[in-house]
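my_file-v5.txt (compact mmCIF, C-alpha atoms and all ligand atoms)
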```txt
# COMPACT_ATOMS: atom_id res chain seq x y z
CA MET A 1 -5.99 -11.12 18.73
CA PRO A 2 -4.03 -8.88 21.09
CA ASP A 3 -5.70 -5.63 22.21
CA GLN A 4 -3.16 -3.64 20.31
CA LEU A 5 -4.76 -4.76 17.03
CA ASP A 6 -8.29 -3.81 18.01
CA ALA A 7 -9.43 -0.97 15.78
CA VAL A 8 -10.79 2.21 17.28
CA ILE A 9 -13.70 2.63 14.92
CA ASP A 10 -16.29 5.36 15.02
CA THR A 11 -19.19 3.71 13.23
CA ALA A 12 -21.84 6.10 14.52
CA ALA A 13 -23.49 7.88 11.59
CA PRO A 14 -20.63 7.80 9.08
CA ASP A 15 -20.63 10.66 6.64
CA ALA A 16 -19.05 10.24 3.21
CA ALA A 17 -19.51 13.86 2.10
CA PRO A 18 -17.86 15.39 0.04
CA TYR A 19 -17.52 12.04 -1.75
CA ASP A 20 -20.17 10.82 -4.20
CA ALA A 21 -18.59 7.43 -4.84
CA LEU A 22 -15.69 5.09 -4.15
CA LEU A 23 -13.51 3.77 -6.94
CA LEU A 24 -11.63 0.50 -6.41
CA LEU A 25 -8.51 0.86 -8.54
CA SER A 26 -6.54 -2.28 -9.31
CA PHE A 27 -3.98 -3.91 -11.57
CA GLY A 28 -6.27 -6.12 -13.69
CA GLY A 29 -5.38 -9.52 -15.06
CA PRO A 30 -6.18 -11.86 -17.96
CA GLU A 31 -9.29 -14.03 -17.82
CA GLY A 32 -8.46 -16.57 -20.52
CA PRO A 33 -5.61 -17.74 -22.80
CA ASP A 34 -6.33 -15.13 -25.49
CA ASP A 35 -6.02 -12.32 -22.96
CA VAL A 36 -2.50 -13.16 -21.78
CA VAL A 37 -0.36 -11.56 -24.46
CA PRO A 38 -2.44 -8.36 -24.80
CA PHE A 39 -2.47 -8.07 -21.00
CA LEU A 40 1.32 -8.35 -20.83
CA GLN A 41 1.59 -5.77 -23.61
CA ASN A 42 -0.54 -3.41 -21.53
CA VAL A 43 1.57 -3.99 -18.40
CA THR A 44 4.88 -3.49 -20.10
CA ARG A 45 4.13 -0.68 -22.53
CA GLY A 46 7.21 1.53 -22.45
CA ARG A 47 8.65 -0.19 -19.39
CA GLY A 48 11.60 -1.99 -20.94
CA ILE A 49 11.02 -5.47 -19.52
CA PRO A 50 13.21 -8.06 -21.26
CA GLU A 51 11.46 -10.26 -23.86
CA GLU A 52 12.69 -13.37 -22.02
CA ARG A 53 11.02 -12.34 -18.79
CA LEU A 54 7.73 -11.68 -20.63
CA LYS A 55 7.74 -15.16 -22.19
CA GLU A 56 8.43 -16.64 -18.79
CA VAL A 57 5.66 -14.68 -17.10
CA GLY A 58 3.27 -15.60 -19.94
CA GLN A 59 3.99 -19.26 -19.09
CA HIS A 60 3.01 -18.64 -15.47
CA TYR A 61 -0.41 -17.47 -16.68
CA PHE A 62 -0.81 -20.34 -19.18
CA LEU A 63 -0.21 -22.83 -16.34
CA PHE A 64 -3.49 -21.51 -14.94
CA ASP A 65 -5.39 -21.58 -18.28
CA GLY A 66 -4.54 -17.92 -18.84
CA ILE A 67 -6.66 -16.89 -15.89
CA SER A 68 -5.35 -14.56 -13.22
CA PRO A 69 -7.41 -14.76 -10.04
CA ILE A 70 -7.09 -11.01 -9.44
CA ASN A 71 -10.30 -9.90 -11.18
CA GLU A 72 -12.47 -12.45 -9.39
CA GLN A 73 -10.89 -11.40 -6.10
CA ASN A 74 -11.70 -7.77 -6.82
CA ARG A 75 -15.32 -8.77 -7.55
CA HIS A 76 -15.43 -10.41 -4.12
CA LEU A 77 -13.92 -7.30 -2.55
CA LEU A 78 -16.55 -5.14 -4.28
CA ASP A 79 -19.26 -7.37 -2.80
CA ALA A 80 -17.68 -7.12 0.64
CA LEU A 81 -17.41 -3.32 0.37
CA ARG A 82 -21.05 -2.93 -0.73
CA LYS A 83 -22.18 -5.22 2.07
CA ASP A 84 -20.14 -3.30 4.65
CA PHE A 85 -21.31 0.09 3.37
CA ALA A 86 -24.94 -1.05 3.44
CA ALA A 87 -24.56 -2.30 7.01
CA HIS A 88 -23.13 1.05 8.13
CA GLY A 89 -25.50 3.58 6.64
CA LEU A 90 -23.46 4.22 3.51
CA ASP A 91 -25.66 2.24 1.10
CA SER A 92 -26.22 5.28 -1.07
CA LEU A 93 -22.51 5.52 -1.83
CA PRO A 94 -21.86 3.66 -5.11
CA VAL A 95 -18.71 1.56 -5.46
CA TYR A 96 -17.05 1.36 -8.90
CA TRP A 97 -14.13 -0.72 -10.16
CA GLY A 98 -11.46 0.07 -12.74
CA ASN A 99 -8.06 -1.39 -13.63
CA ARG A 100 -4.73 -0.22 -14.96
CA ASN A 101 -4.11 -3.14 -17.31
CA TRP A 102 -7.35 -4.97 -18.11
CA ALA A 103 -11.10 -4.57 -18.40
CA PRO A 104 -12.89 -2.89 -16.78
CA TYR A 105 -10.34 -0.25 -17.74
CA LEU A 106 -9.92 2.79 -15.51
CA THR A 107 -10.77 5.30 -18.28
CA ASP A 108 -14.04 3.48 -19.07
CA THR A 109 -15.01 3.35 -15.41
CA LEU A 110 -14.19 7.03 -14.91
CA ARG A 111 -16.29 7.86 -17.97
CA GLU A 112 -19.19 5.94 -16.43
CA ILE A 113 -18.67 7.72 -13.09
CA THR A 114 -18.70 11.07 -14.93
CA ARG A 115 -21.86 10.19 -16.87
CA ASP A 116 -23.52 9.08 -13.62
CA GLY A 117 -22.99 12.66 -12.46
CA HIS A 118 -20.44 12.17 -9.69
CA ARG A 119 -18.25 15.19 -8.99
CA ARG A 120 -15.81 14.03 -6.35
CA ILE A 121 -14.67 10.49 -5.60
CA ALA A 122 -12.38 8.64 -3.22
CA VAL A 123 -10.04 6.04 -4.71
CA LEU A 124 -8.77 2.89 -3.04
CA ALA A 125 -5.81 1.28 -4.82
CA THR A 126 -5.20 -2.42 -4.21
CA SER A 127 -1.68 -1.69 -3.06
CA ALA A 128 -1.04 -0.85 0.58
CA TYR A 129 2.44 0.69 0.41
CA ALA A 130 4.43 3.58 -1.03
CA SER A 131 6.44 3.12 -4.26
CA TYR A 132 6.21 4.03 -7.91
CA SER A 133 4.44 0.79 -8.91
CA GLY A 134 2.16 0.68 -5.88
CA CYS A 135 1.23 4.34 -5.56
CA ARG A 136 2.45 6.95 -8.00
CA GLN A 137 1.79 4.85 -11.10
CA TYR A 138 -1.86 4.60 -10.03
CA ARG A 139 -1.98 8.37 -9.59
CA GLU A 140 -0.46 8.79 -13.06
CA ASN A 141 -3.11 6.43 -14.44
CA LEU A 142 -5.80 8.60 -12.83
CA ALA A 143 -4.31 11.80 -14.25
CA GLU A 144 -4.01 10.24 -17.70
CA SER A 145 -7.61 9.00 -17.72
CA ILE A 146 -8.87 12.37 -16.52
CA ALA A 147 -6.96 14.10 -19.32
CA LEU A 148 -8.44 11.69 -21.91
CA LEU A 149 -11.97 12.32 -20.68
CA LYS A 150 -11.41 16.07 -20.82
CA GLU A 151 -10.32 15.64 -24.45
CA GLU A 152 -13.67 13.91 -25.01
CA GLY A 153 -15.36 17.07 -23.74
CA LEU A 154 -16.42 15.54 -20.42
CA THR A 155 -15.94 17.02 -16.96
CA PRO A 156 -14.49 14.18 -14.89
CA PRO A 157 -14.75 14.18 -11.09
CA ARG A 158 -12.05 15.31 -8.69
CA VAL A 159 -10.25 12.21 -7.43
CA ASP A 160 -8.69 11.70 -3.97
CA LYS A 161 -6.55 8.59 -3.54
CA LEU A 162 -6.88 7.24 0.00
CA ARG A 163 -3.73 6.97 2.09
CA HIS A 164 -1.45 3.93 2.34
CA TYR A 165 -3.06 1.37 4.62
CA PHE A 166 -0.22 -1.12 5.30
CA ASN A 167 -0.43 -0.41 9.05
CA HIS A 168 -4.20 -0.31 9.38
CA PRO A 169 -5.56 -2.91 11.84
CA GLY A 170 -8.02 -4.10 9.18
CA PHE A 171 -5.07 -5.00 6.96
CA VAL A 172 -2.72 -6.37 9.64
CA GLY A 173 -5.28 -8.31 11.71
CA PRO A 174 -6.39 -10.77 9.00
CA MET A 175 -2.75 -11.46 8.15
CA VAL A 176 -1.96 -12.29 11.80
CA ASP A 177 -4.84 -14.80 11.75
CA GLY A 178 -3.48 -16.19 8.48
CA VAL A 179 -0.04 -16.80 9.99
CA LEU A 180 -1.56 -18.51 13.05
CA LYS A 181 -3.62 -20.73 10.73
CA SER A 182 -0.54 -21.61 8.65
CA LEU A 183 1.45 -22.44 11.78
CA ALA A 184 -1.39 -24.73 12.89
CA GLU A 185 -1.18 -26.52 9.53
CA LEU A 186 2.52 -27.35 9.92
CA PRO A 187 3.50 -30.72 11.39
CA ASP A 188 3.50 -30.60 15.23
CA GLU A 189 7.21 -31.28 15.58
CA VAL A 190 8.31 -28.28 13.45
CA ARG A 191 5.67 -25.72 14.47
CA ALA A 192 7.45 -24.03 17.37
CA GLY A 193 10.69 -23.69 15.41
CA ALA A 194 9.13 -22.43 12.18
CA HIS A 195 10.60 -19.22 10.78
CA LEU A 196 8.47 -16.44 9.28
CA ALA A 197 9.48 -15.19 5.82
CA PHE A 198 7.59 -11.97 5.07
CA THR A 199 7.58 -11.45 1.33
CA THR A 200 6.83 -8.57 -0.98
CA HIS A 201 7.40 -7.59 -4.59
CA SER A 202 11.02 -6.80 -5.31
CA ILE A 203 11.52 -3.42 -6.96
CA PRO A 204 14.70 -1.72 -8.18
CA THR A 205 16.70 -0.46 -5.17
CA ALA A 206 16.68 2.99 -6.80
CA ALA A 207 12.86 2.93 -6.78
CA ALA A 208 12.84 1.83 -3.14
CA ASP A 209 15.23 4.62 -2.13
CA THR A 210 12.99 7.26 -3.75
CA SER A 211 9.74 5.86 -2.27
CA GLY A 212 10.08 8.12 0.75
CA PRO A 213 13.12 9.99 1.99
CA VAL A 214 16.14 7.77 2.68
CA GLU A 215 17.16 10.39 5.27
CA ALA A 216 14.01 9.57 7.22
CA HIS A 217 13.68 5.88 6.47
CA GLY A 218 17.18 4.58 5.76
CA GLU A 219 18.19 2.41 2.85
CA GLY A 220 15.21 1.10 0.91
CA GLY A 221 13.19 4.22 1.69
CA ALA A 222 9.57 4.16 2.83
CA TYR A 223 8.91 0.99 0.82
CA VAL A 224 11.23 -1.14 2.95
CA ALA A 225 10.49 0.73 6.20
CA GLN A 226 6.74 0.22 5.81
CA HIS A 227 7.14 -3.50 5.12
CA LEU A 228 9.47 -3.89 8.11
CA ASP A 229 6.90 -2.14 10.30
CA VAL A 230 4.15 -4.56 9.21
CA ALA A 231 6.44 -7.58 9.54
CA ARG A 232 7.32 -6.54 13.10
CA LEU A 233 3.66 -6.00 14.01
CA ILE A 234 2.70 -9.45 12.73
CA ALA A 235 5.71 -11.14 14.35
CA ASP A 236 4.84 -9.46 17.69
CA ALA A 237 1.18 -10.49 17.50
CA VAL A 238 2.14 -14.06 16.57
CA ARG A 239 4.57 -14.18 19.47
CA GLU A 240 1.88 -13.04 21.85
CA ALA A 241 -0.65 -15.55 20.51
CA THR A 242 1.68 -18.56 20.43
CA GLY A 243 3.97 -17.88 23.38
CA VAL A 244 7.00 -18.67 21.19
CA ALA A 245 9.32 -15.85 22.22
CA ASP A 246 12.23 -16.18 19.83
CA ARG A 247 10.71 -17.12 16.48
CA PRO A 248 13.04 -15.75 13.79
CA TRP A 249 11.67 -13.62 10.95
CA GLN A 250 12.97 -11.73 7.95
CA LEU A 251 11.68 -9.53 5.13
CA VAL A 252 12.46 -11.05 1.72
CA TYR A 253 11.46 -10.41 -1.88
CA GLN A 254 9.89 -12.10 -4.88
CA SER A 255 8.84 -11.61 -8.50
CA ARG A 256 11.98 -9.77 -9.60
CA SER A 257 12.05 -8.69 -13.24
CA GLY A 258 14.03 -6.13 -15.19
CA ALA A 259 17.57 -6.35 -16.56
CA PRO A 260 19.99 -8.44 -14.47
CA HIS A 261 22.58 -5.65 -14.11
CA ILE A 262 20.10 -3.34 -12.38
CA PRO A 263 20.04 -3.93 -8.60
CA TRP A 264 16.67 -4.95 -7.13
CA LEU A 265 15.78 -5.61 -3.49
CA GLU A 266 17.12 -8.94 -2.19
CA PRO A 267 17.20 -11.69 -1.01
CA ASP A 268 14.76 -13.58 -3.17
CA ILE A 269 12.39 -15.92 -1.33
CA CYS A 270 13.84 -19.02 -3.04
CA ASP A 271 17.41 -18.12 -2.05
CA HIS A 272 16.17 -17.37 1.44
CA LEU A 273 14.52 -20.80 1.75
CA GLU A 274 17.77 -22.38 0.67
CA ALA A 275 19.76 -20.36 3.21
CA LEU A 276 17.32 -21.17 6.02
CA HIS A 277 17.46 -24.84 5.15
CA GLY A 278 21.27 -24.66 5.24
CA GLU A 279 21.07 -23.14 8.73
CA GLY A 280 18.85 -25.98 9.89
CA ALA A 281 15.50 -24.16 10.06
CA PRO A 282 12.82 -26.84 10.58
CA ALA A 283 10.00 -25.08 8.67
CA VAL A 284 8.98 -21.73 7.16
CA VAL A 285 5.73 -19.81 6.87
CA MET A 286 5.76 -17.53 3.83
CA VAL A 287 3.74 -14.41 4.62
CA PRO A 288 2.92 -12.32 1.51
CA ILE A 289 2.47 -8.97 3.28
CA GLY A 290 3.17 -7.04 0.05
CA PHE A 291 -0.07 -8.13 -1.61
CA VAL A 292 -3.75 -7.49 -1.04
CA SER A 293 -5.07 -10.71 -2.61
CA ASP A 294 -3.92 -14.16 -3.73
CA HIS A 295 -3.20 -13.09 -7.30
CA MET A 296 -0.71 -14.56 -9.75
CA GLU A 297 2.44 -13.34 -7.94
CA VAL A 298 1.23 -15.33 -4.91
CA LEU A 299 -0.15 -18.32 -6.81
CA TYR A 300 2.87 -18.77 -9.05
CA ASP A 301 5.89 -17.22 -7.34
CA LEU A 302 5.07 -18.57 -3.87
CA ASP A 303 2.61 -21.47 -4.17
CA THR A 304 4.24 -22.93 -7.27
CA GLU A 305 7.88 -21.86 -7.57
CA ALA A 306 8.93 -21.29 -3.95
CA SER A 307 6.92 -24.27 -2.75
CA ALA A 308 8.65 -26.49 -5.33
CA LYS A 309 11.99 -25.18 -4.10
CA ALA A 310 11.02 -26.05 -0.52
CA ALA A 311 9.88 -29.53 -1.56
CA GLU A 312 13.21 -30.08 -3.31
CA LEU A 313 14.99 -29.08 -0.09
CA GLY A 314 12.68 -31.22 2.04
CA LEU A 315 11.74 -28.07 3.98
CA PRO A 316 8.15 -27.94 5.26
CA VAL A 317 6.50 -24.64 4.23
CA ALA A 318 3.09 -23.04 4.44
CA ARG A 319 1.89 -19.86 2.77
CA SER A 320 -0.39 -17.62 4.77
CA ALA A 321 -3.44 -15.76 3.48
CA THR A 322 -3.67 -12.25 2.08
CA VAL A 323 -6.55 -10.05 3.24
CA GLY A 324 -8.60 -10.55 0.05
CA ALA A 325 -12.26 -9.79 0.78
CA ASP A 326 -12.00 -10.19 4.57
CA PRO A 327 -14.82 -8.17 6.19
CA ARG A 328 -12.25 -6.48 8.44
CA PHE A 329 -10.49 -5.15 5.36
CA ALA A 330 -13.79 -3.93 3.90
CA ALA A 331 -14.43 -2.15 7.22
CA ALA A 332 -10.95 -0.62 7.05
CA VAL A 333 -11.72 0.80 3.60
CA ARG A 334 -14.89 2.39 4.98
CA GLU A 335 -12.91 3.87 7.87
CA LEU A 336 -10.26 5.26 5.51
CA LEU A 337 -12.98 6.83 3.40
CA VAL A 338 -14.95 8.28 6.32
CA GLU A 339 -11.75 9.57 7.92
CA ARG A 340 -10.60 11.29 4.72
CA ALA A 341 -14.08 12.67 4.09
CA ALA A 342 -14.12 14.24 7.56
CA SER A 343 -10.67 15.65 7.03
CA GLU A 344 -11.71 17.15 3.67
CA ARG A 345 -14.68 18.76 5.48
CA GLY A 346 -12.17 20.48 7.72
CA ARG A 347 -12.66 18.25 10.74
CA THR A 348 -9.78 17.12 12.92
CA VAL A 349 -9.42 13.36 12.60
CA ARG A 350 -7.37 10.81 14.46
CA PRO A 351 -6.20 8.48 11.68
CA CYS A 352 -6.04 4.88 12.74
CA ALA A 353 -2.64 3.20 12.40
CA LEU A 354 -0.52 0.61 14.20
CA GLY A 355 3.24 0.34 14.36
CA ALA A 356 6.08 2.79 14.62
CA LEU A 357 5.57 4.86 11.47
CA GLY A 358 2.13 6.26 12.19
CA PRO A 359 -0.55 7.09 9.62
CA SER A 360 0.65 7.82 6.13
CA HIS A 361 0.05 11.18 4.42
CA ASP A 362 -3.23 11.88 2.57
CA LEU A 363 -1.45 13.75 -0.19
CA CYS A 364 1.83 12.48 -1.56
CA PRO A 365 4.63 15.04 -1.44
CA VAL A 366 5.33 16.81 -4.71
CA GLY A 367 7.56 14.67 -6.94
CA CYS A 368 7.57 11.62 -4.67
CA CYS A 369 8.28 8.16 -6.14
CA PRO A 370 9.56 9.68 -9.38
CA ALA A 371 9.43 7.74 -12.64
CA ARG A 372 12.19 7.83 -15.19
CA ALA A 373 9.97 9.94 -17.44
CA PRO A 374 7.98 12.21 -15.14
CA LYS A 375 4.24 12.38 -15.85
CA PRO A 376 1.37 14.22 -14.18
CA ALA A 377 -0.11 12.28 -11.26
CA ALA A 378 -3.41 12.94 -9.51
CA GLY A 379 -2.71 14.29 -6.04
CA ALA A 380 -0.53 17.05 -4.67
CA ASP A 381 1.66 17.67 -7.66
CA SER A 382 -0.86 17.25 -10.44
CA PRO A 383 -2.21 19.91 -12.77
CA TYR A 384 -5.31 17.69 -13.07
CA ALA A 385 -6.08 17.14 -9.41
C1 LIG A 401 5.39 -3.19 -6.14
C2 LIG A 401 4.59 -4.05 -7.11
C3 LIG A 401 3.36 -4.63 -6.89
C4 LIG A 401 2.56 -4.58 -5.60
C5 LIG A 401 1.66 -3.41 -5.57
C6 LIG A 401 0.46 -3.55 -6.49
O1 LIG A 401 -0.30 -4.51 -6.34
O2 LIG A 401 0.27 -2.68 -7.36
C7 LIG A 401 2.98 -5.31 -8.09
C8 LIG A 401 1.77 -6.00 -8.26
C9 LIG A 401 1.41 -6.76 -9.39
N1 LIG A 401 2.16 -7.03 -10.49
C10 LIG A 401 1.43 -7.82 -11.35
C11 LIG A 401 1.86 -8.27 -12.59
C12 LIG A 401 3.03 -7.87 -13.25
N2 LIG A 401 3.98 -6.98 -12.76
C13 LIG A 401 5.01 -6.83 -13.68
C14 LIG A 401 6.13 -6.01 -13.54
C15 LIG A 401 6.52 -5.28 -12.43
N3 LIG A 401 5.85 -5.19 -11.22
C16 LIG A 401 6.54 -4.34 -10.37
C17 LIG A 401 6.17 -4.01 -9.06
C18 LIG A 401 4.98 -4.37 -8.45
N4 LIG A 401 3.98 -5.15 -9.00
C19 LIG A 401 7.70 -3.89 -11.06
C20 LIG A 401 8.72 -2.91 -10.49
C21 LIG A 401 7.70 -4.47 -12.32
C22 LIG A 401 8.73 -4.28 -13.39
C23 LIG A 401 8.27 -3.44 -14.52
C24 LIG A 401 7.52 -2.21 -14.17
O3 LIG A 401 8.10 -1.31 -13.53
O4 LIG A 401 6.34 -2.12 -14.54
C25 LIG A 401 4.67 -7.63 -14.84
C26 LIG A 401 5.48 -7.73 -16.10
C27 LIG A 401 6.29 -8.98 -16.13
C28 LIG A 401 7.29 -9.01 -14.99
O5 LIG A 401 8.22 -8.20 -15.07
O6 LIG A 401 7.09 -9.79 -14.08
C29 LIG A 401 3.47 -8.29 -14.54
C30 LIG A 401 2.72 -9.29 -15.41
C31 LIG A 401 0.14 -8.06 -10.77
C32 LIG A 401 -1.01 -8.87 -11.40
C33 LIG A 401 -0.97 -10.27 -10.91
C34 LIG A 401 -2.05 -11.11 -11.52
O7 LIG A 401 -2.23 -11.11 -12.76
O8 LIG A 401 -2.75 -11.80 -10.77
C35 LIG A 401 0.13 -7.41 -9.55
C36 LIG A 401 -1.02 -7.32 -8.57
FE FE A 402 4.10 -6.24 -10.77
```
When written as structure tokens, how does the structure in this file appear?
Amino acid sequence: MPDQLDAVIDTAAPDAAPYDALLLLSFGGPEGPDDVVPFLQNVTRGRGIPEERLKEVGQHYFLFDGISPINEQNRHLLDALRKDFAAHGLDSLPVYWGNRNWAPYLTDTLREITRDGHRRIAVLATSAYASYSGCRQYRENLAESIALLKEEGLTPPRVDKLRHYFNHPGFVGPMVDGVLKSLAELPDEVRAGAHLAFTTHSIPTAAADTSGPVEAHGEGGAYVAQHLDVARLIADAVREATGVADRPWQLVYQSRSGAPHIPWLEPDICDHLEALHGEGAPAVVMVPIGFVSDHMEVLYDLDTEASAKAAELGLPVARSATVGADPRFAAAVRELLVERAASERGRTVRPCALGALGPSHDLCPVGCCPARAPKPAAGADSPYA
């Protein structure tokens, strides 16, 4: 690991005040065949996803007995967080887990947090980047759950969503190791010439452009700029570690949905593999930088669909690991929490971040990542914050 990726971590006597707890906020996924349809109904409520796409995505889940790995991965992450907190003097800080689309549901978890007497909590979403789906929608979910609990006569805690962590060394470092491991797994004769295909979830180009000012970030907004920053960091670290100076890389997309006439970010990973094969690329490592764990988008869209495409082309591919429950990621979450806590106590902090963009904001700007139908979102622009 190059020095540049070494975290500057102040682990001496971490202080979580004013926070009483951490909430891990995730997407949720089905855990058996009977869960699949209700799960998809939860995901797509009011979101206008074509019926055909839903049937297709349902099939992806049924291929795996209706079980998404995401919940189990979050349980592992919870274990890793509790272990890390205990090892760093934060063992009295409880860690809770709630999801947007499946049990344990966010509202139920927030009710439990309220009943346990917690008044102010930090929230880590399992999405590292800006965008409506990856950031604001989670803040809307928080605001909605808080409003529901108030209707029940409860006094829910104040919630602070932790900043985007795409460029945190604890997120980038494990992915660099993953790429090096994948390169090592490729046949000797293609290793040096292997391309890197960094992949993330495609989103509508309109959503990308409003994910952070186009004036500051160019086309694709903060969403694309943040992914490019991470891709460049990983490509640089891999270059340093392998000594291969001119390994080509590109940011590509996967898991497109929505109506075909609406433009989404391109190219798709499968089209990209085909193009690379046409250009004579000897091998490709697919690097899913857009995701925090090996959930269904990784297992189906990359390991199943894109890998089948590569096999059909006769193109050797490997897919590198996501951070999952890596202890370095757990440590990064602790740092994000301790850093934000200090900042909320009025201390000057030096937020840890790699790359060209610098640390992301703690509070999203008012009206950022707008939805088609604006809703309150916990954070800067929320009446519930
Ligand atoms: C940016 C982004 C992330 C990364 C950030 C983050 O992690 O939050 C993400 C993650 C995930 N997306 C997931 C699943 C689904 N996403 C869908 C639909 C959509 N995703 C979108 C974007 C994103 N999605 C968008 C713009 C849509 C279109 C409709 C809409 O605007 O809502 C649909 C409906 C069918 C379909 O259209 O594919 C499903 C089933 C799962 C769970 C996987 C599992 O079960 O293991 C995870 C982690
Ligand atoms: Fe999604």
Taking only C-alpha atoms and all ligand atoms into account, produce a table as JSON lines in which each residue of chain A with an atom at most 6 Å from an atom of ligand LIG 401 (chain A) appears once, together with its shortest atom pair and the distance in Å to one decimal, ordered by chain and rising number.
```
{"residue": "A:Phe27", "atom": "CA", "partner": "A:LIG401", "partner_atom": "C36", "distance": 5.4}
{"residue": "A:Gly29", "atom": "CA", "partner": "A:LIG401", "partner_atom": "O7", "distance": 4.2}
{"residue": "A:Leu40", "atom": "CA", "partner": "A:LIG401", "partner_atom": "C30", "distance": 5.7}
{"residue": "A:Val43", "atom": "CA", "partner": "A:LIG401", "partner_atom": "C26", "distance": 5.9}
{"residue": "A:Thr44", "atom": "CA", "partner": "A:LIG401", "partner_atom": "C26", "distance": 5.9}
{"residue": "A:Arg47", "atom": "CA", "partner": "A:LIG401", "partner_atom": "O4", "distance": 5.7}
{"residue": "A:Ile49", "atom": "CA", "partner": "A:LIG401", "partner_atom": "O5", "distance": 5.9}
{"residue": "A:Leu54", "atom": "CA", "partner": "A:LIG401", "partner_atom": "C27", "distance": 5.4}
{"residue": "A:Val57", "atom": "CA", "partner": "A:LIG401", "partner_atom": "C27", "distance": 5.8}
{"residue": "A:Ser68", "atom": "CA", "partner": "A:LIG401", "partner_atom": "O8", "distance": 4.5}
{"residue": "A:Pro69", "atom": "CA", "partner": "A:LIG401", "partner_atom": "O8", "distance": 5.6}
{"residue": "A:Ile70", "atom": "CA", "partner": "A:LIG401", "partner_atom": "O8", "distance": 4.6}
{"residue": "A:Thr126", "atom": "CA", "partner": "A:LIG401", "partner_atom": "O1", "distance": 5.7}
{"residue": "A:Ser127", "atom": "CA", "partner": "A:LIG401", "partner_atom": "C6", "distance": 4.5}
{"residue": "A:Ser133", "atom": "CA", "partner": "A:LIG401", "partner_atom": "C1", "distance": 4.9}
{"residue": "A:Gly134", "atom": "CA", "partner": "A:LIG401", "partner_atom": "O2", "distance": 4.1}
{"residue": "A:His201", "atom": "CA", "partner": "A:LIG401", "partner_atom": "C1", "distance": 5.1}
{"residue": "A:Ile203", "atom": "CA", "partner": "A:LIG401", "partner_atom": "C20", "distance": 4.5}
{"residue": "A:Ser257", "atom": "CA", "partner": "A:LIG401", "partner_atom": "O5", "distance": 4.3}
{"residue": "A:Gly258", "atom": "CA", "partner": "A:LIG401", "partner_atom": "C22", "distance": 5.9}
{"residue": "A:Phe291", "atom": "CA", "partner": "A:LIG401", "partner_atom": "C4", "distance": 6.0}
{"residue": "A:His295", "atom": "CA", "partner": "A:LIG401", "partner_atom": "O8", "distance": 3.7}
{"residue": "A:Met296", "atom": "CA", "partner": "A:LIG401", "partner_atom": "O8", "distance": 3.6}
{"residue": "A:Glu297", "atom": "CA", "partner": "A:LIG401", "partner_atom": "C33", "distance": 5.5}
```
Open item on the list: My list of candidates is A:Gly46, A:His88, A:Leu25, A:Val333. Which is closest to A:Asn141 when distances are computed with only C-alpha atoms?
Closed with: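 For A:Asn141, the nearest of the given residues is A:Leu25.
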- [ ] Compare A:Arg100, A:Lys309, A:Arg319, A:His272 by their minimum atom-to-atom distance to ligand FE 402 (chain A), counting all atoms listed in the file, and give me the closest one.
- [x]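 The shortest atom-to-atom distance to ligand FE 402 (chain A) comes from A:Arg100.
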TODO: For atom CA of A:Leu228 and atom CA of A:Ala330, determine how far apart the two atoms are, in Å to one decimal place.
DONE: 23.6 Å
- [ ] Could you check how far atom CA of A:Leu22 sits from atom CA of A:Arg75, in Å to one decimal?
- [x] 14.3 Å
Open item on the list: List as a PyMOL selection string the residues having at least one atom at most 7 Å from position (-10.4, 10.3, -4.8) as given in the file, counting only C-alpha atoms.
Closed with: chain A and resi 120-123+158-162
Open item on the list: List as a VMD selection string the protein and nucleic acid residues near stretch 235-251 of chain A, meaning an atom at most 10 Å away when only C-alpha atoms are counted, but skip any in the same chain fewer than 4 places from it.
Closed with: chain A and resid 1 to 5 172 to 173 176 to 177 179 to 180 183 191 to 200 224 227 to 231 266 to 269 272 281 284 to 285 287 to 289
- [ ] Name the closest residue to A:Pro213 among the candidates A:Val298, A:Cys369, A:Val338, A:Leu23; distances are taken between atoms, counting all atoms listed in the file.
- [x]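 Among the listed residues, A:Cys369 lies closest to A:Pro213.
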Task: Between atom CA of A:Ser202 and atom CA of A:Val190 - distance in Å to one decimal - done: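 Computing it gives 28.6 Å between the two atoms.
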TODO: Write out as a ChimeraX atom specification which residues come within 9 Å of A:Pro327 when counting all atoms listed in the file, dropping same-chain ones fewer than 3 positions away.
DONE: /A:77,80-81,83-84,170,323,330-332
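Of the listed residues (A:Thr322, A:Ala225, A:Tyr105, A:Gly28), A:Gly28 comes nearest to ligand FE 402 (chain A); the distances count all atoms listed in the file.
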